[in-house]
Structure formats: C-alpha cells, structure tokens
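Next up, final01.txt (compact mmCIF, C-alpha atoms):
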# COMPACT_ATOMS: atom_id res chain seq x y z
CA LYS U 1 4.76 26.32 -16.55
CA ALA U 2 1.01 26.76 -16.33
CA VAL U 3 -0.95 24.95 -13.64
CA ASN U 4 -3.25 22.44 -15.33
CA ASP U 5 -5.24 21.31 -12.35
CA ILE U 6 -5.52 21.78 -8.59
CA GLU U 7 -6.78 18.97 -6.40
CA TYR U 8 -7.46 18.83 -2.69
CA SER U 9 -6.70 15.68 -0.72
CA TYR U 10 -7.52 14.67 2.83
CA ASP U 11 -5.16 13.15 5.37
CA LEU U 12 -6.38 9.58 5.21
CA THR U 13 -4.00 6.64 5.19
CA PRO U 14 -6.05 3.50 4.59
CA THR U 15 -5.29 0.29 6.44
CA VAL U 16 -4.70 -2.45 3.89
CA PHE U 17 -4.68 -6.22 4.26
CA ARG U 18 -4.04 -9.27 2.16
CA GLN U 19 -4.89 -12.88 2.89
CA LYS U 20 -2.66 -15.91 2.62
CA LYS U 21 -3.76 -19.45 3.43
CA GLY U 22 -6.61 -18.19 5.60
CA LYS U 23 -4.42 -15.75 7.56
CA ILE U 24 -5.08 -12.00 7.37
CA ILE U 25 -1.87 -10.01 7.02
CA GLN U 26 -1.68 -6.26 7.53
CA VAL U 27 0.21 -4.67 4.65
CA GLN U 28 -0.21 -0.96 5.43
CA PRO U 29 0.90 0.20 7.90
CA ASN U 30 3.45 -2.63 8.01
CA ASN U 31 3.09 -4.16 11.49
CA ALA U 32 6.74 -5.15 11.77
CA LEU U 33 7.76 -1.51 11.25
CA SER U 34 4.96 0.35 13.02
CA GLN U 35 5.25 -1.67 16.24
CA LEU U 36 8.86 -0.53 16.49
CA GLY U 37 8.07 3.08 15.61
CA ILE U 38 9.95 2.92 12.32
CA GLY U 39 8.69 5.64 9.97
CA SER U 40 9.38 6.45 6.35
CA SER U 41 12.70 8.24 6.93
CA MET U 42 14.20 5.38 8.92
CA SER U 43 12.72 2.85 6.52
CA SER U 44 14.44 4.63 3.64
CA MET U 45 17.73 4.55 5.58
CA MET U 46 17.33 0.78 5.78
CA GLY U 47 16.89 0.66 2.01
CA LEU U 48 13.28 -0.47 2.19
CA GLY U 49 11.61 2.60 0.71
CA ASP U 50 8.57 4.58 1.88
CA THR U 51 6.44 2.84 4.50
CA GLN U 52 3.30 4.01 2.68
CA ILE U 53 3.04 1.83 -0.40
CA PHE U 54 -0.59 2.59 -1.35
CA HIS U 55 -1.34 5.99 -2.88
CA ALA U 56 -4.50 7.63 -4.21
CA LEU U 57 -4.44 8.60 -7.89
CA PRO U 58 -5.38 12.18 -8.84
CA GLY U 59 -9.04 12.50 -9.84
CA ASN U 60 -8.14 13.96 -13.23
CA LYS U 61 -6.57 11.19 -15.34
CA ALA U 62 -5.37 13.67 -17.95
CA ILE U 63 -2.75 15.14 -15.61
CA TYR U 64 -0.84 11.89 -15.10
CA GLN U 65 -1.66 9.20 -17.65
CA ASP U 66 0.35 10.88 -20.43
CA GLN U 67 3.45 10.68 -18.22
CA TYR U 68 3.34 6.89 -17.94
CA LYS U 69 3.22 3.85 -20.16
CA ILE U 70 1.35 0.65 -19.40
CA LYS U 71 3.81 -2.23 -19.17
CA GLU U 72 1.19 -4.86 -18.38
CA GLY U 73 -2.60 -4.86 -18.06
CA GLN U 74 -4.46 -1.55 -17.87
CA TRP U 75 -5.27 1.52 -15.76
CA PRO U 76 -7.90 1.01 -13.02
CA THR U 77 -11.44 1.68 -14.22
CA ASN U 78 -13.31 1.33 -10.90
CA LYS U 79 -12.60 1.40 -7.17
CA ASN U 80 -12.05 -2.37 -7.06
CA GLU U 81 -9.00 -2.10 -9.28
CA VAL U 82 -5.48 -0.85 -8.48
CA ILE U 83 -2.24 -0.48 -10.44
CA VAL U 84 1.42 -0.99 -9.61
CA VAL U 85 3.48 2.11 -10.42
CA LEU U 86 7.17 1.43 -10.99
CA GLY U 87 9.96 3.93 -10.43
CA ARG U 88 12.44 5.03 -13.06
CA LYS U 89 14.32 2.15 -14.68
CA ASN U 90 11.40 -0.09 -13.72
CA THR U 91 12.37 -0.25 -10.04
CA ILE U 92 10.11 -1.17 -7.12
CA SER U 93 10.68 -0.87 -3.36
CA ASP U 94 11.27 -3.83 -1.09
CA LEU U 95 8.26 -2.89 1.05
CA THR U 96 5.99 -2.99 -2.00
CA LEU U 97 7.29 -6.47 -2.80
CA TYR U 98 6.71 -7.55 0.81
CA GLY U 99 3.24 -6.05 0.62
CA MET U 100 2.41 -8.09 -2.47
CA GLY U 101 3.71 -11.24 -0.83
CA LEU U 102 6.63 -11.58 -3.24
CA ARG U 103 9.31 -11.50 -0.56
CA ASN U 104 9.68 -13.53 2.61
CA PRO U 105 8.54 -11.44 5.64
CA GLU U 106 11.12 -13.23 7.81
CA THR U 107 13.82 -11.49 5.78
CA LEU U 108 12.28 -8.14 6.69
CA GLU U 109 12.12 -9.04 10.38
CA ALA U 110 15.78 -10.10 10.35
CA GLN U 111 16.76 -6.84 8.65
CA ILE U 112 14.87 -4.79 11.26
CA LYS U 113 16.50 -6.66 14.17
CA ALA U 114 19.94 -6.17 12.65
CA PHE U 115 19.29 -2.45 12.15
CA GLN U 116 18.20 -2.07 15.78
CA LYS U 117 21.47 -3.65 16.93
CA GLY U 118 23.48 -1.32 14.73
CA LYS U 119 24.49 -4.12 12.42
CA THR U 120 24.48 -3.99 8.67
CA THR U 121 22.85 -6.69 6.60
CA LYS U 122 24.10 -7.93 3.30
CA LYS U 123 22.23 -6.39 0.44
CA SER U 124 20.44 -9.01 -1.56
CA LYS U 125 21.18 -9.18 -5.24
CA PRO U 126 18.66 -7.32 -7.41
CA LYS U 127 15.94 -9.71 -8.49
CA THR U 128 13.93 -9.59 -11.66
CA TYR U 129 10.19 -10.23 -11.55
CA GLU U 130 7.80 -11.08 -14.33
CA LEU U 131 5.34 -8.18 -14.43
CA LYS U 132 2.50 -10.62 -15.02
CA SER U 133 3.19 -12.02 -11.53
CA PHE U 134 1.98 -8.71 -10.07
CA LEU U 135 -1.46 -8.98 -11.67
CA ASN U 136 -4.58 -10.22 -9.84
CA ARG U 137 -3.03 -9.98 -6.39
CA SER U 138 -5.82 -8.92 -4.08
CA PHE U 139 -6.11 -6.65 -1.04
CA THR U 140 -8.78 -5.26 1.25
CA PHE U 141 -9.01 -1.61 2.33
CA LEU U 142 -10.43 -0.63 5.72
CA PRO U 143 -10.68 2.73 7.48
CA PRO U 144 -8.23 2.83 10.42
CA ALA U 145 -11.14 3.16 12.89
CA ALA U 146 -12.38 -0.31 11.89
CA LEU U 147 -9.61 -1.86 13.97
CA TYR U 148 -10.71 -0.23 17.23
CA THR U 149 -13.59 -0.68 19.66
CA TYR U 150 -14.50 1.67 22.49
CA ASN U 151 -14.40 0.43 26.09
CA SER U 152 -17.00 2.58 27.82
CA LYS U 153 -15.95 1.43 31.31
CA GLN U 154 -12.29 2.32 30.91
CA LYS U 155 -13.03 5.10 28.40
CA THR U 156 -10.32 3.82 26.10
CA TRP U 157 -10.07 2.57 22.53
CA ASN U 158 -8.86 -1.01 22.18
CA ASP U 159 -6.67 -2.00 19.23
CA HIS U 160 -7.73 -5.25 17.52
CA SER U 161 -5.29 -5.18 14.62
CA THR U 162 -3.92 -8.61 15.60
CA ASP U 163 -7.31 -10.18 16.37
CA GLN U 164 -7.88 -12.56 13.46
CA LYS U 165 -11.54 -13.20 14.36
CA LEU U 166 -12.45 -9.51 14.44
CA LEU U 167 -10.41 -8.86 11.31
CA ALA U 168 -12.28 -11.61 9.48
CA LYS U 169 -15.58 -9.83 10.25
CA GLN U 170 -14.28 -6.41 9.27
CA ILE U 171 -12.65 -7.67 6.07
CA LYS U 172 -16.09 -8.68 4.79
CA LYS U 173 -17.16 -5.02 5.06
CA GLY U 174 -14.00 -3.67 3.40
CA ILE U 175 -13.25 -2.60 -0.15
CA HIS U 176 -11.80 -5.52 -2.08
CA VAL U 177 -9.36 -4.68 -4.84
CA LYS U 178 -7.03 -6.48 -7.22
CA ILE U 179 -4.04 -5.39 -9.29
CA VAL U 180 -5.04 -4.96 -12.94
CA GLY U 181 -1.98 -3.25 -14.39
CA VAL U 182 1.63 -2.15 -14.14
CA ALA U 183 2.81 1.30 -15.28
CA SER U 184 6.19 3.00 -15.46
CA PRO U 185 7.31 6.58 -16.27
CA LYS U 186 7.91 7.33 -19.93
CA ASP U 187 11.52 8.04 -20.88
CA GLN U 188 10.83 11.76 -21.22
CA THR U 189 9.11 11.98 -17.83
CA GLU U 190 11.57 13.56 -15.39
CA ASN U 191 9.28 14.13 -12.39
CA GLY U 192 6.19 11.97 -12.65
CA MET U 193 3.11 12.86 -10.62
CA LEU U 194 2.69 9.38 -9.17
CA SER U 195 4.57 7.81 -6.29
CA SER U 196 6.10 4.39 -6.80
CA GLY U 197 4.01 1.68 -5.18
CA ILE U 198 0.39 0.65 -5.63
CA SER U 199 -2.08 3.32 -6.74
CA TYR U 200 -5.86 3.33 -6.35
CA LEU U 201 -8.72 5.53 -7.53
CA PRO U 202 -9.73 8.38 -5.18
CA GLU U 203 -13.23 6.89 -4.83
CA ILE U 204 -11.74 4.52 -2.28
CA ASP U 205 -10.81 7.38 0.05
CA THR U 206 -14.31 8.82 -0.35
CA THR U 207 -15.89 5.48 0.59
CA LEU U 208 -13.55 4.97 3.56
CA ARG U 209 -14.37 8.43 4.92
CA GLU U 210 -18.07 7.61 4.69
CA GLN U 211 -17.53 4.26 6.40
CA ALA U 212 -15.59 5.95 9.19
CA LYS U 213 -18.62 8.13 9.97
CA THR U 214 -20.91 5.14 10.61

File written out as structure tokens:
Amino acid sequence: KAVNDIEYSYDLTPTVFRQKKGKIIQVQPNNALSQLGIGSSMSSMMGLGDTQIFHALPGNKAIYQDQYKIKEGQWPTNKNEVIVVLGRKNTISDLTLYGMGLRNPETLEAQIKAFQKGKTTKKSKPKTYELKSFLNRSFTFLPPAALYTYNSKQKTWNDHSTDQKLLAKQIKKGIHVKIVGVASPKDQTENGMLSSGISYLPEIDTTLREQAKT
C-alpha cells in the first residue's frame, strides 16, 4: 500500500484539567494512577485502558476522516474544540469516562487499592451512554512545566499539581476546549489511524510548546 502522508510529532503529553463545582481536577495524567506509578500497561491489565486519553489528530484531515463516521456533532474546526473517538463496536475506556466526569472517581480509587492488594474487583456491568451527554464537556490544556516553580535556594523544581490556588491562576492562561463531536470507525475500517479517547487538533501542541518556552 502506498504511503499517503508522513507526519512528524513531538514527545509532548499535555496536562489536562476539568473543573467541577469550583474544584480543579487533573484528568491527564490521572493523579490517582501517576502517584502510584501505574502506567499504561498496568492500567490495561486492570481493565481501565490507556492512561493517555487525549491524543493529537494528524494535521492532514484527509488521511483519517474517511475512516470514521460522525455519530454526534462534528469534527473539531479550531483548537478550542475536541472530539471523542470511540473504539470498534462503539466502545470507550473507563479512564476516558472518568476523565469526562461520567464515572465516580471513588470507584477508580477502590479498584486501584484492590489491585495493589492482589485482589480482584467485580467487573461492573457494561453501561450505555447517550452520545449527546459527551458534548460540551470542557477541559483546559496546560504545558507540564506550568505546574512547577524553581526554588533557586534549593536548586529544585517544586510540584504544585495539587495547589488549587496556583492551578486557578494557571488555568486562566491555558487552552480551553470543549467536546463538539463523537466519531467511531466505519464498518470497513480495520485499523483506524486514531486512538480511542479524546482527540484534539495539532495546533494545541504547537501552542503548548510555545508557552513552555516563555
């Protein structure tokens, strides 16, 4: 098969937050997992899916849009819009649901504690969601460096990812996005280009890299 397009990407995993009742919640990386050193492989073993739920879309729309159908809403048209990408058979990972605030985070914490103790947790029955309930959920993207300040006396970087006051200031400078659509692979698509989760336009990565330089 001929190669239609070649794109270069940079190793940048954005830090993503959502807000609920005035509280700022870190969605990516998931704090409950990262604090315990749980990566994607272990997360998959727990049945939660990939720990990275936000993914940059390819710059060339032509190489992926024909592989998917819009189930609700539309494709993103600017960097303030994102889209939920379902897996085959319209599936979605637990971590993506937690990230969107559609599952109780206490359930995740209980599952992690049980896994650490070598216990197995009962698998919850598959739940059906109205796709419209995904739309208009909002998030804020920040470069990872935005969560750190440099202590010149100790010559160390201090992590402020749990400091709600500092986060509130940084969130104002972030890139605010909302979900505008839901897409799923077409029946004839065997290996779609997009990862299941929430996808954003590559302009966000460009902006975050520029912000990280300042």

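Minimum distance to Gly22 (chain U) across U:Leu131, U:Leu167, U:Ile53, U:Leu147 (counting only C-alpha atoms) occurs at U:Leu167.
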
Counting all atoms listed in the file, write as a short mmCIF file (atom, residue, chain, number, x, y, z; two decimals) with C-alpha atoms, keeping the file's coordinate frame all protein and nucleic acid residues lying at most 9 Å from (-4.3, -10.1, 0.0) in the file's frame.
data_model
loop_
_atom_site.label_atom_id
_atom_site.label_comp_id
_atom_site.auth_asym_id
_atom_site.auth_seq_id
_atom_site.Cartn_x
_atom_site.Cartn_y
_atom_site.Cartn_z
CA VAL U 16 -4.70 -2.45 3.89
CA PHE U 17 -4.68 -6.22 4.26
CA ARG U 18 -4.04 -9.27 2.16
CA GLN U 19 -4.89 -12.88 2.89
CA LYS U 20 -2.66 -15.91 2.62
CA ILE U 24 -5.08 -12.00 7.37
CA ILE U 25 -1.87 -10.01 7.02
CA GLN U 26 -1.68 -6.26 7.53
CA VAL U 27 0.21 -4.67 4.65
CA GLY U 99 3.24 -6.05 0.62
CA MET U 100 2.41 -8.09 -2.47
CA GLY U 101 3.71 -11.24 -0.83
CA ARG U 137 -3.03 -9.98 -6.39
CA SER U 138 -5.82 -8.92 -4.08
CA PHE U 139 -6.11 -6.65 -1.04
CA THR U 140 -8.78 -5.26 1.25
CA VAL U 177 -9.36 -4.68 -4.84
CA LYS U 178 -7.03 -6.48 -7.22
#

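Considering all atoms listed in the file, the residue among U:Asn158, U:Ser196, U:Thr206, U:Ser184 positioned nearest to Trp75 (chain U) is U:Ser184.
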
### Task
May I ask for the distance between CA of Pro202 (chain U) and CA of Tyr150 (chain U), given in Å to one decimal place?
28.9 Å

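Taking CA of Ile83 (chain U) and CA of Glu203 (chain U) as the two end points, the separation is 14.4 Å.
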
### Task
Give as an MDAnalysis selection string each residue that has an atom at most 8 Å from (1.0, 14.0, -7.2) in the file, counting only C-alpha atoms.
chainID U and resid 57:58 192:195

Generate a file of the selected residues that holds C-alpha atoms, formatted as a PDB file, in the frame of the given file.
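Wrote out06.pdb, looks like this:
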ATOM      1  CA  LEU U  57      -4.440   8.600  -7.890  1.00  0.00           C
ATOM      2  CA  PRO U  58      -5.380  12.180  -8.840  1.00  0.00           C
ATOM      3  CA  GLY U 192       6.190  11.970 -12.650  1.00  0.00           C
ATOM      4  CA  MET U 193       3.110  12.860 -10.620  1.00  0.00           C
ATOM      5  CA  LEU U 194       2.690   9.380  -9.170  1.00  0.00           C
ATOM      6  CA  SER U 195       4.570   7.810  -6.290  1.00  0.00           C
TER       7      SER U 195
END

### Message
I need the residue nearest Ser93 (chain U) from this list: U:Lys79, U:Lys69, U:Lys127, U:Lys132. Use only C-alpha atoms for the distance.
### Response
U:Lys127

### Task
Would you list the contacts of Ala145 (chain U) as a PyMOL selection string, taking every protein, DNA or RNA residue within 10 Å and counting all atoms listed in the file, but skipping same-chain residues closer than 6 positions in sequence?
chain U and resi 14-15+157+159+208+211-213

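Atom pair CA of Val182 (chain U) / CA of Leu201 (chain U) has a distance of 14.5 Å (rounded to one decimal).
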
### Query
In terms of the shortest atom-to-atom distance over all atoms listed in the file, which of U:Phe54, U:Lys23, U:Ala183, U:Tyr129 is closest to Ile171 (chain U)?
U:Lys23

### Query
Looking at only C-alpha atoms, which of U:Pro143, U:Pro29, U:Pro76, U:Gly59 is the one that sits closest to Gly181 (chain U)?
U:Pro76

### Query
Counting only C-alpha atoms, which of U:Thr128, U:Gln28, U:Gln154, U:Ser161 gets nearest to His55 (chain U)?
U:Gln28
